[in-house]
Structures are given as C-alpha cells and as structure tokens.
Number of protein chains: 2
Amino acid sequence: MVDVAREAGVALRTVSRVVNQDPTVGSDLATRVHAAIASLEYQPDERARQLRLGVTGTLGAAVRQLSHVNPVLQALERSARAAKLMVLAASTEDDEQLERDVVMSMCRRRFDGIILEPIGSGHDYLVPELDAGLSLVAVDRPVHGLDVDCVISDNVAGIELAFEHLVRHGHERVAYIGDDERIFTGHERAAAFRGCLAAHGAPAEGMVHPGRIEPGRIAAAVHTVLSGPSPATAVVTGNATTSVEVLRCLRGGSERVAVVGFDDSELATSLRPDLTVVAQDAATIGGTAIDMLLARIADPGRPVRRVTVPVELIARGSGESPPGA
Amino acid sequence: MVDVAREAGVALRTVSRVVNQDPTVGSDLATRVHAAIASLEYQPDERARQLRLGVTGTLGAAVRQLSHVNPVLQALERSARAAKLMVLAASTEDDEQLERDVVMSMCRRRFDGIILEPIGSGHDYLVPELDAGLSLVAVDRPVHGLDVDCVISDNVAGIELAFEHLVRHGHERVAYIGDDERIFTGHERAAAFRGCLAAHGAPAEGMVHPGRIEPGRIAAAVHTVLSGPSPATAVVTGNATTSVEVLRCLRGGSERVAVVGFDDSELATSLRPDLTVVAQDAATIGGTAIDMLLARIADPGRPVRRVTVPVELIARGSGESPPGA
DNA sequence: CGGAGGCGAGATAACGTTATCTCGAAGGGT
DNA sequence: ACCCTTCGAGATAACGTTATCTCGCCTCCG
C-alpha cells in the first residue's frame with residue numbers, strides 16, 4: 001500500500017480512501033491511484049483491515065463432515081452469501097477434541113459468528129467464549145448443558161408422521177431401528193417412537209433398536225424384528241445411513257416389509273420401490289440459523305431462542321405396502 | 001493482552017513469551033501470567049499474530065460443493081491436520097464468478113496456500129496472484145490455460161479399464177453416457193472412450209453421449225443406445241450422478257444391460273446388482289495435493305508438477321453380466 | 001475585499017501481536 | 001576485586017490497515 005501511494009504520489013490515507021470507495025476523493029487522483037494499484041498488482045491485506053475494523057465479515061461453520069451430503073450446510077452458505085458474508089467451514093469428524101480445536105481456532109481468528117453442529121456433551125469450553133461475546137448458533141441439536149440458540153428439526157413430529165402413516169396403511173406391528181441413543185437425534189427419535197407405541201397401546205418389547213451404526217448390529221436388529229411369533233410388518237429407520245443398511249438387509253427377503261426412513265437422500269429415488277421418507281427442511285434450517293446468528297451478532301443480549309423446524313413426509317412407495325404383501 | 005500484563009504485573013512482551021512458550025521466562029512469572037490469562041479469559045488474536053508473523057497457518061479449499069460427497073476433501077483435511085495446518089473450505093457451486101470471489105477472498109486473507117477444484121476456463125484472474133507468490137494446487141482437473149501444479153485421476157486408464165472389462169465379459173457393443181464435454185473430466189473421459197472404440201475397431205456412431213446432467217437427456221441417451229438394429233449390451237457411465245440416472249432408466253427394462261460406473265459412491269453397494277465401478281483414489285489425491293502445496297509454499301520456484309493418480313476397477317456384479325442375459 | 005464554511009488530502013495514532021534491541025542482575029573465572 | 005558472560009525481562013518498533021485530526025485551498029457571501 002505504501003508502494004501504491006508512492007507510485008501514485010499520494011498519501012497512504014488516500015489509497016485507503018480509494019480502495020474503500022470514499023466519495024471524498026478527487027476523480028483525477030482516484031484514477032491515478034487505480035492505475036498504481038493495477039500496475040503494482042496490489043491486494044489489500046484483509047487481516048490488517050479486520051484488525052483495524054474489528055469485524056471479519058466471516059462466519060465459521062463447524063460441521064460433522066464437510067465431505068458428506070449436508071443440505072443444511074449448502075443452505076448456510078447461500079444465506080450467508082445473500083448477507084454479504086463469507087462462510088468458511090471445517091469438519092469436526094464427530095470428535096470432541098477436534099470440535100474444540102476447530103471452534104477455538106475460529107474464535108482466535110475472531111470470526112463474527114459460528115454455526116456449530118455440536119457433538120457429544122463436553123461443551124464447557126464454550127462458556128468463556130460465550131461470556132466474551134462469541135455469537136454461536138447450534139444446528140441439528142442443542143448444545144448439551146448450555147443455553148444457546150439452536151435450530152433443530154421436529155424429530156418427534158417426524159417419527160409420529162412415519163408411525164401414523166404406516167398405521168394408516170394397515171400396519172399394527174411397527175419396529176424402529178435407529179442411531180445410538182447417546183446421540184441427541186438418536187435419543188429423541190427413539191424416545192418419540194416409544195411414545196407412539198405407548199399411545200397406540202402397542203407393546204414396545206423387541207420393537208425399538210437404537211445403537212451404533214454398524215452393518216452387523218443393523219442386520220441383527222432386522223432379523224430380530226422380523227422373527228418371533230408376531231413379526232413386524234413395517235420398519236421406521238432413524239437416519240439415512242440406517243435406511244441404507246436396513247434396505248440392504250431386506251432385499252432378497254421373501255416377505256415385503258414397509259419402510260419409512262428418516263432423512264431424504266439421493267438414494268431414496270434410486271431404489272425399488274422408492275423410499276418413503278420423513279424429509280427435513282434443510283433450506284429453512286440453514287436460513288433460520290444464519291438469521292439467528294446475524295440477530296445475535298447485532299444484539300448479543302437478546303433472549304436465547306430454540307427453533308424447531310417442521311418436517312415433511314414424502315410418500316414414494318416403500319411406506320405404502322400393506323402388511324403381509 | 002495489555003490487561004493480562006497489568007494483571008500479572010509484567011511487560012507485554014513477557015505475556016507474549018508465555019503464550020508462545022518461550023523457554024527464557026522464569027517459572028514463577030510464567031505461573032503468574034497463566035493465572036492472569038485464566039482469570040481474564042484471554043484469547044490471543046490470531047489476526048494480529050498472523051499480521052506480525054506473515055504466515056497464517058491456514059490453507060483454503062475451494063471446491064465445487066462442500067455439502068456433496070467429496071472424499072478428496074476429507075483426505076485434504078486429514079493430511080493438512082497431520083501437518084498442523086487448518087483447512088477452511090468454501091463452495092464455488094460450479095459458478096465462475098463465485099470461484100473467483102472465493103479464491104480472491106482467500107488471497108486477501110493471505111492464506112498460506114489454496115487447493116482449488118477449478119471450473120470453467122476463465123482463470124486469468126489467477127495470474128497476478130500467482131505472480132505475487134500465491135501457492136496453489138489444482139485438484140481433479142488442471143487450471144485451464146495456466147501452468148499450475150495439479151493432481152488428477154487417470155481418467156484415460158479408468159475408461160480403458162471399464163471398456164476392457166466389459167469386452168472381456170463378451171460385450172461387443174459398448175456405449176458411453178457421461179458428463180458435458182465442456183467440463184474437463186467429461187471431455188477426457190468421452191475422448192478416452194472414443195479412443196477405446198477406435199482401437200477396438202468398433203464404430204463410434206450413436207455410442208458416445210456426453211452432455212449436461214439432466215434426467216431427460218440421460219433417459220434419451222439410454223433409449224438411443226438400446227434401440228436400433230444393433231443395440232448396446234453394456235454401458236460405461238462418466239460419473240456417479242450419471243450412473244444413478246442410467247440405472248434408474250434401466251430398472252424395469254426387460255433386457256439386462258451391463259454397467260460400469262465411473263466414481264465409487266454410497267449407492268454402489270445399495271443397488272441390485274451392486275455396481276461395478278472405476279474408483280478414484282481420493283486419499284492419495286488429497287494427500288498428494290497437500291504434499292505438493294506444502295512443497296510449493298516451501299519453495300515457490302520449484303518446477304510445476306502434474307501428477308496423475310491411478311484408478312482401480314472394483315467388480316461388484318453389474319459389469320459382469322454377459323451380453324444378452 | 002475579507003472572513004466563514006466546505007471540501008479534498010495529508011500526518012498521526014491506533015488495532016494486537018512479535019522481533020530486535022537494550023539493560024540490569026547474577027554468577028563465575030582470573 | 002574486576003570483568004566478562006549469561007540469562008531473564010522490559011522498551012520500542014514494526015506488520016498493513018483505517019479513523020481522527022488537522023491543514024490548506026477554494027468558493028461564496030456579506
């Protein structure tokens with residue numbers, strides 16, 4: 001910048017004015033400065049600019065896996081772009097230590113705000129940061145033990161939609177196979193399913209199978225719910241990965257089992273029959289998260305909000321088979 | 001930091017020394033400073049640190065879509081982590097303007113290096129940056145018109161593997177359906193396929209269908225290659241998305257068509273039969289890209305390298321059906 | 001014709017770090 | 001006893017920006 005000033009024969013401050021399109025700069029000087037900028041290939045240093053200005057114009061997104069399908073992340077990027085902010089993202093890989101490193105790194109870089117897909121339960125490290133003014137919005141699940149803004153899907157309604165859809169199609173023995181209950185969504189969905197069974201007067205025994213996502217465990221769960229004196233005629237799955245595994249287990253089986261999956265995915269329309277799913281509204285989740293983050297940045301003292309976004313059941317075939325088909 | 005110094009009753013420089021674990025600081029002072037840091041919840045400002053030090057310890061990844069399956073990105077993150085560098089990623093959404101914005105933004109933030117999945121052909125904007133010392137490695141395709149480090153898969157060998165696999169299983173009429181030829185990989189793979197046909201003495205007419213990825217176009221291409229006097233008995237697809245669409249079109253058809261897909265994916269083992277694929281070695285691509293980027297950062301003058309990473313054919317069933325089955 | 005007011009542009013001081021230099025004290029060798 | 005070395009710690013100057021203040025000039029009005 002000092003070189004540009006020398007080249008153009010003006011003061012440092014004038015170059016800054018030109019770069020920031022300050023209207024109080026003469027047009028002749030402006031062109032001279034622009035020429036100098038072009039000839040020297042000058043690029044302003046955003047770090048110094050941020051240091052002086054105090055804000056970074058950058059939001060951080062700490063998600064479980066960048067490289068997995070994550071429609072919420074896409075919505076986050078687009079909403080932030082609409083607000084003229086840059087989103088920089090990093091993976092936490094479902095590792096608490098890594099989440100901590102990533103978030104702290106974003107804090108030290110003084111990002112204006114952070115969107116976090118929180119994992120596990122050890123989030124005490126956030127307390128000092130929040131006290132110090134960090135703006136943070138949790139997505140997909142709340143931050144365990146802390147009162148922080150969050151945007152989550154209506155897991156309970158989703159499970160109820162799935163259950164009632166199957167009941168409406170004549171099923172009386174419906175099973176659930178899903179994610180580990182130590183994971184927030186895994187717990188919420190399994191609990192909601194137990195609630196459905198109870199409300200329907202159906203016994204829960206042997207019908208609810210949360211646990212780690214491993215092919216072996218899911219195959220065993222499928223075998224369990226389909227055997228015995230009164231086998232299930234329909235299955236609700238707790239997330240996309242489980243859906244894939246369950247369908248893999250079911251294919252080739254003689255009886256036709258109805259399936260409703262939680263989470264829409266590319267797979268859903270590539271199977272035979274197409275998969276009926278409870279779809280999350282990723283665009284709304286992402287957009288709301290950015291809105292809430294911007295609101296918190298603007299007013300750090302505003303009351304904490306926990307937003308629940310509705311889900312939608314998309315019937316595609318797999319959930320409409322009658323029992324015993 | 002000045003507050004910490006006052007709290008601990010030491011000079012600013014000493015706080016800096018403690019933070020950076022300078023061994024020339026007395027243990028009593030160190031504990032006092034640490035206590036002050038803890039009580040004031042002090043977090044060093046990475047921006048000022050970077051400004052002073054000159055380096056950011058940060059690599060940028062500008063990829064087409066963060067939120068899509070991208071095993072290369074995962075490998076990039078892990079390799080960078082092993083090198084104690086942070087990767088911050090952003091999407092270019094296959095938009096040239098957005099790619100430009102993202103990359104320039106990373107340049108202004110003075111990232112130590114950038115991994116780019118380049119799109120389109122307008123990359124002139126990179127020239128001044130490269131002249132100014134930007135370290136950049138292209139992944140998946142080269143930067144059009146510029147001599148820049150890049151790591152790409154061996155597309156030609158992959159197509160040849162697929163073609164020869166099908167020939168070995170008795171197919172004499174093999175078709176190709178793939179991505180737009182304006183995209184680098186689309187062009188390379190279509191051209192390689194034409195080469196295979198020529199080398200095999202087979203006519204290319206009606207057998208090579210590159211183009212935009214739209215369900216309608218792909219359905220039309222499938223219909224074309226399967227009709228006429230001598231229909232194809234096998235199809236090679238140009239990428240994962242095309243594979244999905246082709247399989248969707250083929251399902252329910254009476255004849256059994258052999259398929260080999262380019263790109264492995266979650267889908268490949270969820271179909272019936274499982275999909276035979278040409279798999280890219282994402283871990284090697286990502287690891288090599290980081291290695292090359294670090295090497296370029298260390299020695300900006302080193303000669304440009306273009307690395308081609310081998311691909312592998314994984315036979316799962318769909319590529320082994322004999323013709324006329 | 002003189003002074004007030006406005007406007008364009010320069011000098012200087014921050015922002016929060018770290019590197020260099022300096023300095024004082026302590027310790028050991030002659 | 002003196003000097004030299006060593007080591008710990010402070011003062012100061014950068015890194016590259018922008019905000020504030022100031023100043024000079026031009027214009028317009030009394």
# chains A, B, ... in the order shown; residues from 1 in each chain; ligands from 1

$ residues_around --residues "Arg212 in chain B" --least-positions-apart "2" --cutoff "9 Å" --atoms "only C-alpha atoms (C1' of nucleotides)" --output "NGL selection string"
:B and (178-181 or 210 or 214 or 217-218)

$ closest_atom_pairs --of "chain D" --to "chain A" --cutoff "12 Å" --atoms "only C-alpha atoms (C1' of nucleotides)" --output "CSV"
residue,atom,partner,partner_atom,distance
D:DC15,C1',A:Ala48,CA,8.3
D:DG16,C1',A:Ala48,CA,5.1
D:DT17,C1',A:Arg49,CA,4.7
D:DT18,C1',A:Arg52,CA,6.2
D:DA19,C1',A:Arg52,CA,9.2
D:DT20,C1',A:Arg13,CA,11.8

$ residues_around --residues "Ser227 in chain B" --least-positions-apart "4" --cutoff "12 Å" --atoms "only C-alpha atoms (C1' of nucleotides)" --output "PDB file with C-alpha atoms, in the first residue's frame"
ATOM      1  CA  ARG B 173     -21.429 -53.114 -28.399  1.00  0.00           C
ATOM      2  CA  ALA B 175     -21.877 -47.322 -25.121  1.00  0.00           C
ATOM      3  CA  GLY B 206     -24.510 -43.382 -31.651  1.00  0.00           C
ATOM      4  CA  MET B 207     -22.437 -44.876 -28.851  1.00  0.00           C
ATOM      5  CA  ALA B 220     -32.946 -40.192 -24.135  1.00  0.00           C
ATOM      6  CA  ALA B 221     -29.344 -41.363 -24.397  1.00  0.00           C
ATOM      7  CA  VAL B 222     -30.192 -44.677 -22.761  1.00  0.00           C
ATOM      8  CA  HIS B 223     -33.090 -45.137 -25.148  1.00  0.00           C
ATOM      9  CA  PRO B 231     -28.255 -52.082 -29.604  1.00  0.00           C
ATOM     10  CA  ALA B 232     -25.566 -51.775 -26.966  1.00  0.00           C
ATOM     11  CA  THR B 233     -25.319 -54.591 -24.434  1.00  0.00           C
ATOM     12  CA  GLU B 255     -33.095 -56.909 -21.055  1.00  0.00           C
TER      13      GLU B 255
END

$ select_by_dssp --residues "range 3-112 of chain B" --states "alpha helix (DSSP H)" --output "ChimeraX atom specification"
/B:3-8,12-19,27-40,46-53,71-82,96-108

$ atom_distance --atom1 "CA of Ile314 in chain B" --atom2 "CA of Val277 in chain B"
5.3 Å

$ closest_residue --among "B:Leu29, B:Val127, B:Ile119, B:Val151" --to "Ala282 in chain B" --atoms "only C-alpha atoms"
B:Val151

$ closest_atom_pairs --of "chain C" --to "chain A" --cutoff "8 Å" --atoms "only C-alpha atoms (C1' of nucleotides)" --output "CSV"
residue,atom,partner,partner_atom,distance
C:DC7,C1',A:Thr24,CA,7.7
C:DG8,C1',A:Val25,CA,6.5
C:DA9,C1',A:Thr14,CA,6.9
C:DG10,C1',A:Ala11,CA,6.1
C:DC15,C1',A:Arg52,CA,4.6
C:DG16,C1',A:Leu51,CA,7.6

$ closest_residue --among "B:Asp264, B:Glu99, B:Glu77, B:Asp124" --to "chain A" --atoms "only C-alpha atoms"
B:Glu77

$ residues_around --residues "DT27 in chain D" --least-positions-apart "6" --cutoff "12 Å" --atoms "only C-alpha atoms (C1' of nucleotides)" --output "PyMOL selection string"
chain C and resi 3-7

$ write_last_selection --atoms "C-alpha atoms (C1' of nucleotides)" --output "PDB file, in the first residue's frame"
ATOM      1  C1'  DG C   3     -13.806  36.003   6.642  1.00  0.00           C
ATOM      2  C1'  DA C   4     -16.579  31.862   7.124  1.00  0.00           C
ATOM      3  C1'  DG C   5     -17.517  27.462   5.527  1.00  0.00           C
ATOM      4  C1'  DG C   6     -16.786  23.375   2.977  1.00  0.00           C
ATOM      5  C1'  DC C   7     -14.063  20.041   0.866  1.00  0.00           C
TER       6       DC C   7
END

$ closest_residue --among "A:Cys107, A:Ala89, A:Val33, A:Ala38" --to "chain B" --atoms "only C-alpha atoms"
A:Ala89

$ interface_residues --of "chain B" --to "chain A" --cutoff "8 Å" --atoms "only C-alpha atoms" --output "ChimeraX atom specification"
/B:41,43-48,50-51,65-71,73-74,77,87-91,108-110,128,132,244,247-248,267,270-271

$ write_last_selection --atoms "N, CA and C atoms" --output "mmCIF file, in the first residue's frame"
data_model
loop_
_atom_site.group_PDB
_atom_site.id
_atom_site.type_symbol
_atom_site.label_atom_id
_atom_site.label_comp_id
_atom_site.auth_asym_id
_atom_site.auth_seq_id
_atom_site.Cartn_x
_atom_site.Cartn_y
_atom_site.Cartn_z
ATOM 1 N N GLU B 41 -9.709 -14.656 31.004
ATOM 2 C CA GLU B 41 -10.198 -15.398 29.845
ATOM 3 C C GLU B 41 -9.657 -14.816 28.547
ATOM 4 N N GLN B 43 -7.866 -14.599 25.080
ATOM 5 C CA GLN B 43 -7.623 -15.408 23.880
ATOM 6 C C GLN B 43 -6.797 -14.572 22.924
ATOM 7 N N PRO B 44 -5.635 -15.043 22.523
ATOM 8 C CA PRO B 44 -4.825 -14.244 21.597
ATOM 9 C C PRO B 44 -5.562 -14.017 20.283
ATOM 10 N N ASP B 45 -5.330 -12.886 19.683
ATOM 11 C CA ASP B 45 -5.967 -12.549 18.410
ATOM 12 C C ASP B 45 -5.101 -13.049 17.265
ATOM 13 N N GLU B 46 -5.637 -14.062 16.599
ATOM 14 C CA GLU B 46 -4.863 -14.709 15.544
ATOM 15 C C GLU B 46 -4.552 -13.747 14.396
ATOM 16 N N ARG B 47 -5.417 -12.792 14.182
ATOM 17 C CA ARG B 47 -5.209 -11.862 13.062
ATOM 18 C C ARG B 47 -3.953 -11.031 13.280
ATOM 19 N N ALA B 48 -3.817 -10.506 14.484
ATOM 20 C CA ALA B 48 -2.637 -9.683 14.772
ATOM 21 C C ALA B 48 -1.379 -10.539 14.724
ATOM 22 N N GLN B 50 -0.919 -13.254 12.948
ATOM 23 C CA GLN B 50 -0.600 -13.541 11.560
ATOM 24 C C GLN B 50 -0.004 -12.316 10.876
ATOM 25 N N LEU B 51 -0.551 -11.157 11.212
ATOM 26 C CA LEU B 51 -0.059 -9.932 10.585
ATOM 27 C C LEU B 51 1.413 -9.752 10.909
ATOM 28 N N GLN B 65 -18.727 -28.233 -4.305
ATOM 29 C CA GLN B 65 -19.826 -28.264 -3.347
ATOM 30 C C GLN B 65 -19.361 -28.905 -2.052
ATOM 31 N N LEU B 66 -19.272 -28.102 -1.022
ATOM 32 C CA LEU B 66 -18.903 -28.640 0.285
ATOM 33 C C LEU B 66 -19.825 -29.755 0.703
ATOM 34 N N SER B 67 -21.102 -29.540 0.438
ATOM 35 C CA SER B 67 -22.094 -30.397 1.065
ATOM 36 C C SER B 67 -22.393 -31.640 0.237
ATOM 37 N N HIS B 68 -21.568 -31.915 -0.765
ATOM 38 C CA HIS B 68 -21.734 -33.165 -1.508
ATOM 39 C C HIS B 68 -20.655 -34.137 -1.071
ATOM 40 N N VAL B 69 -20.858 -35.366 -1.425
ATOM 41 C CA VAL B 69 -19.853 -36.371 -1.098
ATOM 42 C C VAL B 69 -18.570 -36.023 -1.833
ATOM 43 N N ASN B 70 -17.499 -35.891 -1.104
ATOM 44 C CA ASN B 70 -16.242 -35.476 -1.710
ATOM 45 C C ASN B 70 -15.089 -36.058 -0.913
ATOM 46 N N PRO B 71 -14.781 -37.322 -1.211
ATOM 47 C CA PRO B 71 -13.751 -37.993 -0.420
ATOM 48 C C PRO B 71 -12.406 -37.287 -0.499
ATOM 49 N N LEU B 73 -11.886 -34.086 -0.412
ATOM 50 C CA LEU B 73 -11.874 -33.023 0.598
ATOM 51 C C LEU B 73 -11.572 -33.593 1.975
ATOM 52 N N GLN B 74 -12.145 -34.739 2.251
ATOM 53 C CA GLN B 74 -11.878 -35.381 3.535
ATOM 54 C C GLN B 74 -10.389 -35.698 3.673
ATOM 55 N N GLU B 77 -8.396 -32.500 4.361
ATOM 56 C CA GLU B 77 -8.478 -32.054 5.747
ATOM 57 C C GLU B 77 -7.559 -32.883 6.636
ATOM 58 N N VAL B 87 -7.516 -26.255 7.639
ATOM 59 C CA VAL B 87 -8.135 -26.085 6.321
ATOM 60 C C VAL B 87 -9.485 -25.414 6.513
ATOM 61 N N LEU B 88 -9.701 -24.341 5.793
ATOM 62 C CA LEU B 88 -11.015 -23.704 5.776
ATOM 63 C C LEU B 88 -11.534 -23.813 4.349
ATOM 64 N N ALA B 89 -12.768 -24.270 4.228
ATOM 65 C CA ALA B 89 -13.288 -24.603 2.902
ATOM 66 C C ALA B 89 -14.502 -23.761 2.561
ATOM 67 N N ALA B 90 -14.701 -23.559 1.270
ATOM 68 C CA ALA B 90 -15.879 -22.846 0.781
ATOM 69 C C ALA B 90 -16.276 -23.435 -0.569
ATOM 70 N N SER B 91 -17.542 -23.289 -0.916
ATOM 71 C CA SER B 91 -18.057 -23.845 -2.166
ATOM 72 C C SER B 91 -17.971 -22.837 -3.302
ATOM 73 N N ARG B 108 -6.890 -12.429 -0.163
ATOM 74 C CA ARG B 108 -6.861 -11.222 0.672
ATOM 75 C C ARG B 108 -6.677 -11.585 2.134
ATOM 76 N N ARG B 109 -7.136 -12.773 2.493
ATOM 77 C CA ARG B 109 -6.915 -13.241 3.865
ATOM 78 C C ARG B 109 -5.518 -13.826 4.021
ATOM 79 N N ARG B 110 -4.753 -13.841 2.937
ATOM 80 C CA ARG B 110 -3.361 -14.280 2.945
ATOM 81 C C ARG B 110 -3.205 -15.717 3.425
ATOM 82 N N PRO B 128 -2.095 -12.605 -11.732
ATOM 83 C CA PRO B 128 -1.416 -11.666 -10.828
ATOM 84 C C PRO B 128 -1.140 -12.281 -9.457
ATOM 85 N N ALA B 132 2.340 -12.883 -7.648
ATOM 86 C CA ALA B 132 2.602 -12.282 -6.336
ATOM 87 C C ALA B 132 2.972 -13.332 -5.296
ATOM 88 N N VAL B 244 -26.365 -43.049 -11.501
ATOM 89 C CA VAL B 244 -27.659 -43.133 -10.828
ATOM 90 C C VAL B 244 -28.788 -43.010 -11.843
ATOM 91 N N LEU B 247 -29.013 -46.063 -14.199
ATOM 92 C CA LEU B 247 -29.583 -47.236 -13.536
ATOM 93 C C LEU B 247 -31.074 -47.050 -13.326
ATOM 94 N N ARG B 248 -31.469 -45.818 -13.044
ATOM 95 C CA ARG B 248 -32.894 -45.556 -12.872
ATOM 96 C C ARG B 248 -33.646 -45.855 -14.179
ATOM 97 N N LEU B 267 -24.023 -45.314 -3.170
ATOM 98 C CA LEU B 267 -25.050 -46.017 -3.923
ATOM 99 C C LEU B 267 -24.587 -47.373 -4.419
ATOM 100 N N SER B 270 -25.731 -50.421 -2.790
ATOM 101 C CA SER B 270 -27.118 -50.449 -2.347
ATOM 102 C C SER B 270 -28.051 -50.830 -3.475
ATOM 103 N N LEU B 271 -27.503 -51.196 -4.586
ATOM 104 C CA LEU B 271 -28.326 -51.480 -5.754
ATOM 105 C C LEU B 271 -28.360 -52.980 -5.987
#

$ select_by_dssp --residues "range 236-272 of chain B" --states "strand (DSSP E or B)" --output "PyMOL selection string"
chain B and resi 236-237+258-262

$ residues_around --residues "DG29 in chain C" --least-positions-apart "6" --cutoff "12 Å" --atoms "only C-alpha atoms (C1' of nucleotides)" --output "PyMOL selection string"
chain D and resi 2-5

$ write_last_selection --atoms "N, CA and C atoms (P, O5', C5', C4', C3', O3' and C1' of nucleotides)" --output "PDB file, in the first residue's frame"
ATOM      1  P    DC D   2      37.154  -3.131  42.007  1.00  0.00           P
ATOM      2  O5'  DC D   2      37.341  -3.546  40.491  1.00  0.00           O
ATOM      3  C5'  DC D   2      38.609  -4.009  40.023  1.00  0.00           C
ATOM      4  C4'  DC D   2      38.411  -4.927  38.838  1.00  0.00           C
ATOM      5  C3'  DC D   2      37.265  -4.499  37.907  1.00  0.00           C
ATOM      6  O3'  DC D   2      37.735  -4.447  36.575  1.00  0.00           O
ATOM      7  C1'  DC D   2      37.044  -6.781  38.471  1.00  0.00           C
ATOM      8  P    DC D   3      36.864  -3.557  35.515  1.00  0.00           P
ATOM      9  O5'  DC D   3      36.760  -4.584  34.306  1.00  0.00           O
ATOM     10  C5'  DC D   3      37.826  -5.503  34.066  1.00  0.00           C
ATOM     11  C4'  DC D   3      37.270  -6.807  33.525  1.00  0.00           C
ATOM     12  C3'  DC D   3      36.168  -6.621  32.464  1.00  0.00           C
ATOM     13  O3'  DC D   3      36.432  -7.486  31.385  1.00  0.00           O
ATOM     14  C1'  DC D   3      35.419  -8.098  34.136  1.00  0.00           C
ATOM     15  P    DC D   4      35.891  -7.093  29.923  1.00  0.00           P
ATOM     16  O5'  DC D   4      35.539  -8.503  29.301  1.00  0.00           O
ATOM     17  C5'  DC D   4      36.175  -9.680  29.817  1.00  0.00           C
ATOM     18  C4'  DC D   4      35.147 -10.779  29.994  1.00  0.00           C
ATOM     19  C3'  DC D   4      34.029 -10.767  28.942  1.00  0.00           C
ATOM     20  O3'  DC D   4      33.975 -12.029  28.313  1.00  0.00           O
ATOM     21  C1'  DC D   4      33.122 -10.997  31.120  1.00  0.00           C
ATOM     22  P    DT D   5      33.090 -12.178  26.980  1.00  0.00           P
ATOM     23  O5'  DT D   5      32.000 -13.237  27.444  1.00  0.00           O
ATOM     24  C5'  DT D   5      32.411 -14.337  28.290  1.00  0.00           C
ATOM     25  C4'  DT D   5      31.200 -14.879  29.010  1.00  0.00           C
ATOM     26  C3'  DT D   5      29.950 -15.061  28.131  1.00  0.00           C
ATOM     27  O3'  DT D   5      29.534 -16.410  28.203  1.00  0.00           O
ATOM     28  C1'  DT D   5      29.395 -13.966  30.160  1.00  0.00           C
TER      29       DT D   5
END
